[in-house]
$ cat run_29.cif   # mmCIF, C-alpha atoms and all ligand atoms
data_coords
#
loop_
_atom_site.label_atom_id
_atom_site.label_comp_id
_atom_site.auth_asym_id
_atom_site.auth_seq_id
_atom_site.Cartn_x
_atom_site.Cartn_y
_atom_site.Cartn_z
CA MET A 1 107.25 82.65 96.70
CA LYS A 2 109.43 85.76 96.44
CA THR A 3 109.95 87.63 99.69
CA LEU A 4 111.88 90.85 100.18
CA ILE A 5 113.16 91.94 103.57
CA THR A 6 114.41 95.48 103.39
CA TYR A 7 115.46 97.91 106.07
CA SER A 8 116.46 101.46 106.78
CA THR A 9 118.98 101.88 109.58
CA LYS A 10 121.07 104.72 110.98
CA THR A 11 123.07 102.96 113.70
CA GLY A 12 122.53 99.27 112.89
CA ASN A 13 119.71 98.20 115.23
CA THR A 14 117.11 97.69 112.54
CA LYS A 15 119.59 95.83 110.35
CA LYS A 16 120.18 93.31 113.16
CA VAL A 17 116.45 92.63 113.38
CA ALA A 18 116.25 92.31 109.58
CA GLU A 19 119.01 89.70 109.65
CA ALA A 20 117.18 87.68 112.31
CA ILE A 21 114.01 87.77 110.23
CA SER A 22 115.86 86.70 107.09
CA LYS A 23 116.97 83.53 108.90
CA ALA A 24 113.31 82.71 109.59
CA ILE A 25 112.23 83.02 105.95
CA ILE A 26 114.08 80.58 103.71
CA ASN A 27 114.94 81.98 100.26
CA SER A 28 114.06 85.53 101.21
CA GLU A 29 116.15 88.36 99.83
CA ILE A 30 117.50 90.90 102.31
CA MET A 31 118.79 94.31 101.32
CA ASP A 32 119.23 97.88 102.46
CA ILE A 33 116.30 100.02 101.34
CA ALA A 34 118.68 102.09 99.18
CA ASP A 35 119.56 98.98 97.12
CA VAL A 36 116.05 97.83 96.20
CA GLN A 37 115.69 97.84 92.42
CA ASN A 38 112.10 96.68 91.98
CA LEU A 39 109.05 95.61 93.94
CA ASP A 40 108.39 92.40 92.05
CA TYR A 41 107.81 90.33 95.21
CA ASP A 42 104.88 88.38 96.63
CA LEU A 43 105.62 89.72 100.09
CA ILE A 44 107.51 92.88 101.06
CA ILE A 45 108.69 93.23 104.67
CA VAL A 46 109.95 96.70 105.53
CA GLY A 47 112.06 97.60 108.56
CA THR A 48 112.47 101.13 109.83
CA TRP A 49 113.86 103.02 112.79
CA ILE A 50 111.47 105.43 114.45
CA ASP A 51 111.98 109.13 113.89
CA LYS A 52 109.42 111.54 115.35
CA GLY A 53 106.87 108.83 115.96
CA THR A 54 106.83 107.23 112.53
CA ALA A 55 109.04 105.61 109.90
CA ASP A 56 112.26 107.50 109.17
CA ALA A 57 112.47 109.59 106.01
CA LYS A 58 114.06 106.90 103.79
CA ALA A 59 111.52 104.28 104.84
CA LEU A 60 108.65 106.75 104.49
CA LYS A 61 109.64 107.44 100.91
CA PHE A 62 110.05 103.75 100.16
CA ILE A 63 106.71 102.77 101.71
CA ASN A 64 104.97 105.52 99.74
CA GLY A 65 106.11 103.77 96.55
CA ILE A 66 104.56 100.40 97.44
CA LYS A 67 101.06 99.84 96.09
CA ASP A 68 98.57 96.94 96.27
CA LYS A 69 101.07 94.49 97.81
CA ASN A 70 101.16 91.98 100.62
CA THR A 71 103.31 93.61 103.26
CA ALA A 72 104.55 93.40 106.82
CA PHE A 73 106.77 95.73 108.78
CA PHE A 74 109.06 95.91 111.76
CA PHE A 75 110.75 98.72 113.62
CA THR A 76 113.12 99.57 116.44
CA LEU A 77 112.48 102.54 118.70
CA GLY A 78 113.91 104.24 121.75
CA ALA A 79 110.64 104.15 123.68
CA TYR A 80 109.43 101.06 125.55
CA PRO A 81 107.82 98.46 123.28
CA ASP A 82 104.63 98.39 125.38
CA SER A 83 104.24 102.20 125.50
CA LYS A 84 101.45 104.23 123.93
CA HIS A 85 104.13 105.80 121.73
CA ALA A 86 104.99 102.35 120.31
CA GLN A 87 101.31 101.67 119.63
CA ASP A 88 101.01 105.06 117.91
CA CYS A 89 104.00 104.11 115.72
CA ILE A 90 102.27 100.85 114.76
CA ASP A 91 99.12 102.77 113.85
CA ASN A 92 101.00 105.45 111.92
CA ILE A 93 103.05 102.97 109.89
CA THR A 94 100.09 100.67 109.25
CA LYS A 95 98.23 103.64 107.79
CA LEU A 96 101.12 104.49 105.46
CA PHE A 97 100.78 101.04 103.92
CA THR A 98 97.00 100.73 103.86
CA ASP A 99 96.51 104.21 102.38
CA ASN A 100 98.18 102.81 99.23
CA GLY A 101 95.99 99.71 99.01
CA ASN A 102 98.57 97.39 100.59
CA LYS A 103 97.59 94.62 102.96
CA VAL A 104 99.51 94.68 106.25
CA LEU A 105 99.73 91.06 107.32
CA GLY A 106 101.93 91.43 110.38
CA HIS A 107 104.30 93.63 112.32
CA TYR A 108 107.03 93.36 114.94
CA HIS A 109 108.93 95.90 117.01
CA CYS A 110 111.46 96.13 119.80
CA GLN A 111 113.55 98.73 121.57
CA GLY A 112 116.79 99.92 119.99
CA ALA A 113 119.74 101.74 121.53
CA ILE A 114 119.55 105.47 120.94
CA ASP A 115 122.50 107.07 119.16
CA PRO A 116 124.83 108.26 121.97
CA LYS A 117 125.37 111.51 120.07
CA LEU A 118 121.64 112.25 120.30
CA ILE A 119 121.61 111.44 124.02
CA GLU A 120 124.56 113.73 124.59
CA MET A 121 122.75 116.50 122.72
CA MET A 122 119.57 116.02 124.77
CA ARG A 123 121.56 115.93 128.01
CA THR A 124 123.48 119.13 127.30
CA LYS A 125 121.01 121.24 125.30
CA PHE A 126 117.75 120.56 127.13
CA SER A 127 116.73 121.19 130.73
CA PRO A 128 115.21 118.26 132.67
CA ASP A 129 111.69 119.67 132.27
CA HIS A 130 111.98 119.94 128.47
CA PRO A 131 109.90 117.23 126.64
CA HIS A 132 113.19 115.55 125.57
CA GLY A 133 115.33 116.65 128.50
CA PRO A 134 117.28 114.48 130.95
CA ASN A 135 114.78 113.83 133.75
CA PRO A 136 115.26 110.61 135.80
CA GLU A 137 112.54 108.72 133.91
CA ARG A 138 114.07 109.55 130.53
CA ILE A 139 117.61 108.81 131.67
CA LYS A 140 116.40 105.36 132.76
CA ARG A 141 114.67 104.76 129.42
CA TRP A 142 117.80 105.76 127.47
CA SER A 143 119.81 103.39 129.61
CA ASP A 144 117.26 100.55 129.26
CA ALA A 145 117.24 101.02 125.47
CA SER A 146 121.04 100.87 125.26
CA THR A 147 121.22 97.05 125.39
CA HIS A 148 118.66 96.52 122.60
CA PRO A 149 118.03 94.80 120.34
CA ASP A 150 119.31 91.97 122.52
CA GLN A 151 119.31 88.25 121.79
CA ASN A 152 115.79 87.93 123.17
CA ASP A 153 114.50 90.63 120.77
CA LEU A 154 116.20 88.88 117.85
CA ASP A 155 114.81 85.49 118.89
CA ASN A 156 111.34 87.03 119.17
CA ALA A 157 111.66 88.55 115.70
CA TYR A 158 112.81 85.20 114.30
CA ASN A 159 109.96 83.31 115.97
CA TYR A 160 107.34 85.86 115.00
CA PHE A 161 108.25 85.70 111.31
CA LYS A 162 108.81 81.94 111.31
CA ASN A 163 105.24 81.54 112.50
CA PHE A 164 104.04 84.32 110.19
CA ILE A 165 105.47 82.72 107.06
CA GLU A 166 104.01 79.32 107.92
CA ARG A 167 100.57 80.94 108.02
CA PHE A 168 101.13 83.08 104.87
C1 LIG A 201 116.93 111.77 115.15
C2 LIG A 201 116.32 110.64 115.94
C3 LIG A 201 114.95 110.69 116.23
C4 LIG A 201 114.36 109.64 116.97
N1 LIG A 201 113.02 109.70 117.23
C5 LIG A 201 112.46 108.73 117.99
C6 LIG A 201 111.07 108.79 118.30
O1 LIG A 201 110.32 109.67 117.89
N2 LIG A 201 110.57 107.79 119.09
C7 LIG A 201 111.33 106.76 119.57
O2 LIG A 201 110.80 105.90 120.29
N3 LIG A 201 112.65 106.66 119.26
C8 LIG A 201 113.22 107.62 118.48
N4 LIG A 201 114.55 107.54 118.15
C9 LIG A 201 115.32 106.34 118.56
C10 LIG A 201 115.54 105.36 117.39
O3 LIG A 201 114.35 105.10 116.68
C11 LIG A 201 116.11 104.04 117.90
O4 LIG A 201 117.30 104.24 118.63
C12 LIG A 201 116.35 103.03 116.77
O5 LIG A 201 116.60 101.75 117.31
C13 LIG A 201 117.53 103.39 115.85
O6 LIG A 201 117.62 102.37 114.87
P1 LIG A 201 118.88 102.16 113.92
O7 LIG A 201 120.04 101.72 114.77
O8 LIG A 201 118.42 101.07 112.98
O9 LIG A 201 119.17 103.44 113.22
C14 LIG A 201 115.15 108.55 117.42
C15 LIG A 201 116.53 108.52 117.12
C16 LIG A 201 117.10 109.54 116.38
C17 LIG A 201 118.58 109.48 116.06
#
$ encode --input "run_29.cif" --output "structure tokens"
Amino acid sequence: MKTLITYSTKTGNTKKVAEAISKAIINSEIMDIADVQNLDYDLIIVGTWIDKGTADAKALKFINGIKDKNTAFFFTLGAYPDSKHAQDCIDNITKLFTDNGNKVLGHYHCQGAIDPKLIEMMRTKFSPDHPHGPNPERIKRWSDASTHPDQNDLDNAYNYFKNFIERF
């Protein structure tokens, strides 16, 4: 069986998760989304970082080109993994795949450190009552995200896809 694990990453978080998943799926091919030449795979697993509540632009474009395939996806995000925002991301990304006739067979996500440059911008440009401004709750979330993905997240990704591929 041919399996592709491909990822879009800006600061490396999603790549780390992709690498953990590739260890769980023997003989899988892993590559940056920009390097994918064809979609001739039995299973395509796409990783993305979250931008404005959905897949980032590169992943969006890539997913839009996948049709009638067996797929799974994973993502890293700044929000908490058990938040409504994370669930909305799952729903949004699932729809991107299913709208093109793909089957979504599984998904995984975890928190990922937010680019310090973005945090600095939000701290200095926005007031605390702005939707992205530095209020205590948000400052705590940025700080909590900063250690992710950690070893536990990577182990969870590995275990999820190890189990997934045994059932595939
Ligand atoms: C421009 C920008 C927009 C982002 N938008 C969101 C968002 O809407 N929701 C969220 O939970 N995290 C958001 N994040 C956080 C990233 O999704 C998160 O830090 C992710 O782990 C980055 O992955 P990467 O290291 O693979 O690039 C955003 C980050 C950036 C830089």
$ closest_atom_pairs --input "run_29.cif" --of "chain A" --to "ligand LIG 201 (chain A)" --cutoff "7 Å" --atoms "all atoms listed in the file" --output "JSON lines"
{"residue": "A:Ser8", "atom": "CA", "partner": "A:LIG201", "partner_atom": "O8", "distance": 6.5}
{"residue": "A:Thr9", "atom": "CA", "partner": "A:LIG201", "partner_atom": "O8", "distance": 3.5}
{"residue": "A:Lys10", "atom": "CA", "partner": "A:LIG201", "partner_atom": "O9", "distance": 3.2}
{"residue": "A:Thr11", "atom": "CA", "partner": "A:LIG201", "partner_atom": "O7", "distance": 3.4}
{"residue": "A:Gly12", "atom": "CA", "partner": "A:LIG201", "partner_atom": "O7", "distance": 4.0}
{"residue": "A:Asn13", "atom": "CA", "partner": "A:LIG201", "partner_atom": "O7", "distance": 3.6}
{"residue": "A:Thr14", "atom": "CA", "partner": "A:LIG201", "partner_atom": "O8", "distance": 3.7}
{"residue": "A:Lys15", "atom": "CA", "partner": "A:LIG201", "partner_atom": "O8", "distance": 6.0}
{"residue": "A:Thr48", "atom": "CA", "partner": "A:LIG201", "partner_atom": "O8", "distance": 6.7}
{"residue": "A:Trp49", "atom": "CA", "partner": "A:LIG201", "partner_atom": "O6", "distance": 4.3}
{"residue": "A:Ile50", "atom": "CA", "partner": "A:LIG201", "partner_atom": "O3", "distance": 3.7}
{"residue": "A:Asp51", "atom": "CA", "partner": "A:LIG201", "partner_atom": "N1", "distance": 3.5}
{"residue": "A:Lys52", "atom": "CA", "partner": "A:LIG201", "partner_atom": "O1", "distance": 3.3}
{"residue": "A:Gly53", "atom": "CA", "partner": "A:LIG201", "partner_atom": "O1", "distance": 4.0}
{"residue": "A:Thr54", "atom": "CA", "partner": "A:LIG201", "partner_atom": "O1", "distance": 6.8}
{"residue": "A:Thr76", "atom": "CA", "partner": "A:LIG201", "partner_atom": "O5", "distance": 4.2}
{"residue": "A:Leu77", "atom": "CA", "partner": "A:LIG201", "partner_atom": "O3", "distance": 3.8}
{"residue": "A:Gly78", "atom": "CA", "partner": "A:LIG201", "partner_atom": "N3", "distance": 3.7}
{"residue": "A:Ala79", "atom": "CA", "partner": "A:LIG201", "partner_atom": "O2", "distance": 3.8}
{"residue": "A:His85", "atom": "CA", "partner": "A:LIG201", "partner_atom": "O2", "distance": 6.8}
{"residue": "A:Ala86", "atom": "CA", "partner": "A:LIG201", "partner_atom": "O2", "distance": 6.8}
{"residue": "A:Gln111", "atom": "CA", "partner": "A:LIG201", "partner_atom": "O5", "distance": 6.0}
{"residue": "A:Gly112", "atom": "CA", "partner": "A:LIG201", "partner_atom": "O5", "distance": 3.3}
{"residue": "A:Ala113", "atom": "CA", "partner": "A:LIG201", "partner_atom": "O4", "distance": 4.5}
{"residue": "A:Ile114", "atom": "CA", "partner": "A:LIG201", "partner_atom": "O4", "distance": 3.5}
{"residue": "A:Asp115", "atom": "CA", "partner": "A:LIG201", "partner_atom": "C17", "distance": 5.5}
{"residue": "A:Leu118", "atom": "CA", "partner": "A:LIG201", "partner_atom": "C17", "distance": 5.9}
$ atom_distance --input "run_29.cif" --atom1 "CA of Phe73 in chain A" --atom2 "CA of Tyr41 in chain A"
14.6 Å
$ axis_aligned_box --input "run_29.cif" --around "range 98-115 of chain A" --padding-each-side "8 Å" --output "JSON"
{"center_x": 109.2, "center_y": 99.1, "center_z": 110.3, "size_x": 42.5, "size_y": 32.0, "size_z": 38.6}
$ closest_residue --input "run_29.cif" --among "A:His107, A:Arg167, A:Arg123, A:His130" --to "Asp91 in chain A" --atoms "only C-alpha atoms"
A:His107
$ residues_around --input "run_29.cif" --residues "Ala34 in chain A" --least-positions-apart "3" --cutoff "9 Å" --atoms "all atoms listed in the file" --output "list in words"
Thr6, Tyr7, Ser8, Met31, Gln37, Lys58 and Phe62 of chain A
$ closest_residue --input "run_29.cif" --among "A:Asp129, A:Lys69, A:Lys162, A:Glu137" --to "Ser28 in chain A" --atoms "only C-alpha atoms"
A:Lys162
$ decode --input "run_29.cif" --residues "range 58-138 of chain A" --atoms "C-alpha atoms" --output "JSON list (two decimals), in the first residue's frame"
[["chain", "number", "residue", "atom", "x", "y", "z"],
["A", 58, "LYS", "CA", -0.70, 26.15, 0.89],
["A", 59, "ALA", "CA", -2.57, 23.24, 2.44],
["A", 60, "LEU", "CA", -5.92, 24.63, 1.31],
["A", 61, "LYS", "CA", -4.71, 24.72, -2.27],
["A", 62, "PHE", "CA", -3.26, 21.22, -2.01],
["A", 63, "ILE", "CA", -6.40, 19.73, -0.44],
["A", 64, "ASN", "CA", -8.53, 21.33, -3.15],
["A", 65, "GLY", "CA", -6.59, 19.27, -5.71],
["A", 66, "ILE", "CA", -7.30, 15.91, -4.05],
["A", 67, "LYS", "CA", -10.34, 14.08, -5.40],
["A", 68, "ASP", "CA", -11.99, 10.72, -4.60],
["A", 69, "LYS", "CA", -9.14, 9.51, -2.35],
["A", 70, "ASN", "CA", -8.76, 7.87, 1.02],
["A", 71, "THR", "CA", -7.45, 10.62, 3.25],
["A", 72, "ALA", "CA", -6.65, 11.61, 6.81],
["A", 73, "PHE", "CA", -5.37, 14.87, 8.21],
["A", 74, "PHE", "CA", -3.60, 16.38, 11.17],
["A", 75, "PHE", "CA", -2.95, 19.91, 12.32],
["A", 76, "THR", "CA", -1.26, 22.04, 14.94],
["A", 77, "LEU", "CA", -2.92, 25.15, 16.31],
["A", 78, "GLY", "CA", -2.38, 27.85, 18.88],
["A", 79, "ALA", "CA", -5.73, 27.29, 20.59],
["A", 80, "TYR", "CA", -6.31, 24.52, 23.13],
["A", 81, "PRO", "CA", -6.89, 21.11, 21.54],
["A", 82, "ASP", "CA", -10.19, 20.63, 23.40],
["A", 83, "SER", "CA", -11.57, 24.09, 22.50],
["A", 84, "LYS", "CA", -14.57, 24.82, 20.31],
["A", 85, "HIS", "CA", -12.14, 26.52, 17.93],
["A", 86, "ALA", "CA", -10.24, 23.23, 17.51],
["A", 87, "GLN", "CA", -13.50, 21.39, 16.82],
["A", 88, "ASP", "CA", -14.46, 24.05, 14.27],
["A", 89, "CYS", "CA", -11.08, 23.50, 12.57],
["A", 90, "ILE", "CA", -11.77, 19.75, 12.40],
["A", 91, "ASP", "CA", -15.17, 20.43, 10.85],
["A", 92, "ASN", "CA", -13.83, 23.00, 8.39],
["A", 93, "ILE", "CA", -10.97, 20.80, 7.19],
["A", 94, "THR", "CA", -13.12, 17.67, 7.01],
["A", 95, "LYS", "CA", -15.49, 19.56, 4.73],
["A", 96, "LEU", "CA", -12.66, 20.63, 2.42],
["A", 97, "PHE", "CA", -11.89, 16.95, 1.82],
["A", 98, "THR", "CA", -15.43, 15.58, 1.64],
["A", 99, "ASP", "CA", -16.62, 18.33, -0.72],
["A", 100, "ASN", "CA", -14.26, 16.76, -3.30],
["A", 101, "GLY", "CA", -15.53, 13.21, -2.82],
["A", 102, "ASN", "CA", -12.64, 12.15, -0.56],
["A", 103, "LYS", "CA", -13.16, 9.85, 2.39],
["A", 104, "VAL", "CA", -11.74, 11.24, 5.65],
["A", 105, "LEU", "CA", -10.71, 8.18, 7.64],
["A", 106, "GLY", "CA", -9.09, 9.88, 10.62],
["A", 107, "HIS", "CA", -7.63, 13.04, 12.03],
["A", 108, "TYR", "CA", -5.28, 14.19, 14.78],
["A", 109, "HIS", "CA", -4.38, 17.57, 16.21],
["A", 110, "CYS", "CA", -2.36, 19.16, 18.99],
["A", 111, "GLN", "CA", -1.26, 22.59, 20.13],
["A", 112, "GLY", "CA", 1.73, 24.24, 18.47],
["A", 113, "ALA", "CA", 3.89, 27.13, 19.64],
["A", 114, "ILE", "CA", 2.80, 30.41, 18.09],
["A", 115, "ASP", "CA", 5.43, 32.31, 16.12],
["A", 116, "PRO", "CA", 7.00, 34.74, 18.64],
["A", 117, "LYS", "CA", 6.90, 37.47, 15.99],
["A", 118, "LEU", "CA", 3.12, 37.16, 15.82],
["A", 119, "ILE", "CA", 2.83, 37.27, 19.61],
["A", 120, "GLU", "CA", 4.99, 40.37, 19.73],
["A", 121, "MET", "CA", 2.77, 41.99, 17.11],
["A", 122, "MET", "CA", -0.41, 41.12, 19.04],
["A", 123, "ARG", "CA", 1.12, 42.37, 22.29],
["A", 124, "THR", "CA", 2.21, 45.72, 20.88],
["A", 125, "LYS", "CA", -0.45, 46.51, 18.26],
["A", 126, "PHE", "CA", -3.63, 45.38, 20.03],
["A", 127, "SER", "CA", -5.21, 46.53, 23.28],
["A", 128, "PRO", "CA", -6.14, 43.82, 25.83],
["A", 129, "ASP", "CA", -9.83, 44.04, 24.89],
["A", 130, "HIS", "CA", -9.16, 43.48, 21.17],
["A", 131, "PRO", "CA", -10.21, 39.94, 20.00],
["A", 132, "HIS", "CA", -6.49, 39.06, 19.58],
["A", 133, "GLY", "CA", -5.09, 41.38, 22.23],
["A", 134, "PRO", "CA", -2.97, 40.50, 25.27],
["A", 135, "ASN", "CA", -5.54, 39.84, 28.00],
["A", 136, "PRO", "CA", -4.49, 37.46, 30.84],
["A", 137, "GLU", "CA", -6.36, 34.49, 29.36],
["A", 138, "ARG", "CA", -4.70, 34.90, 25.98]]
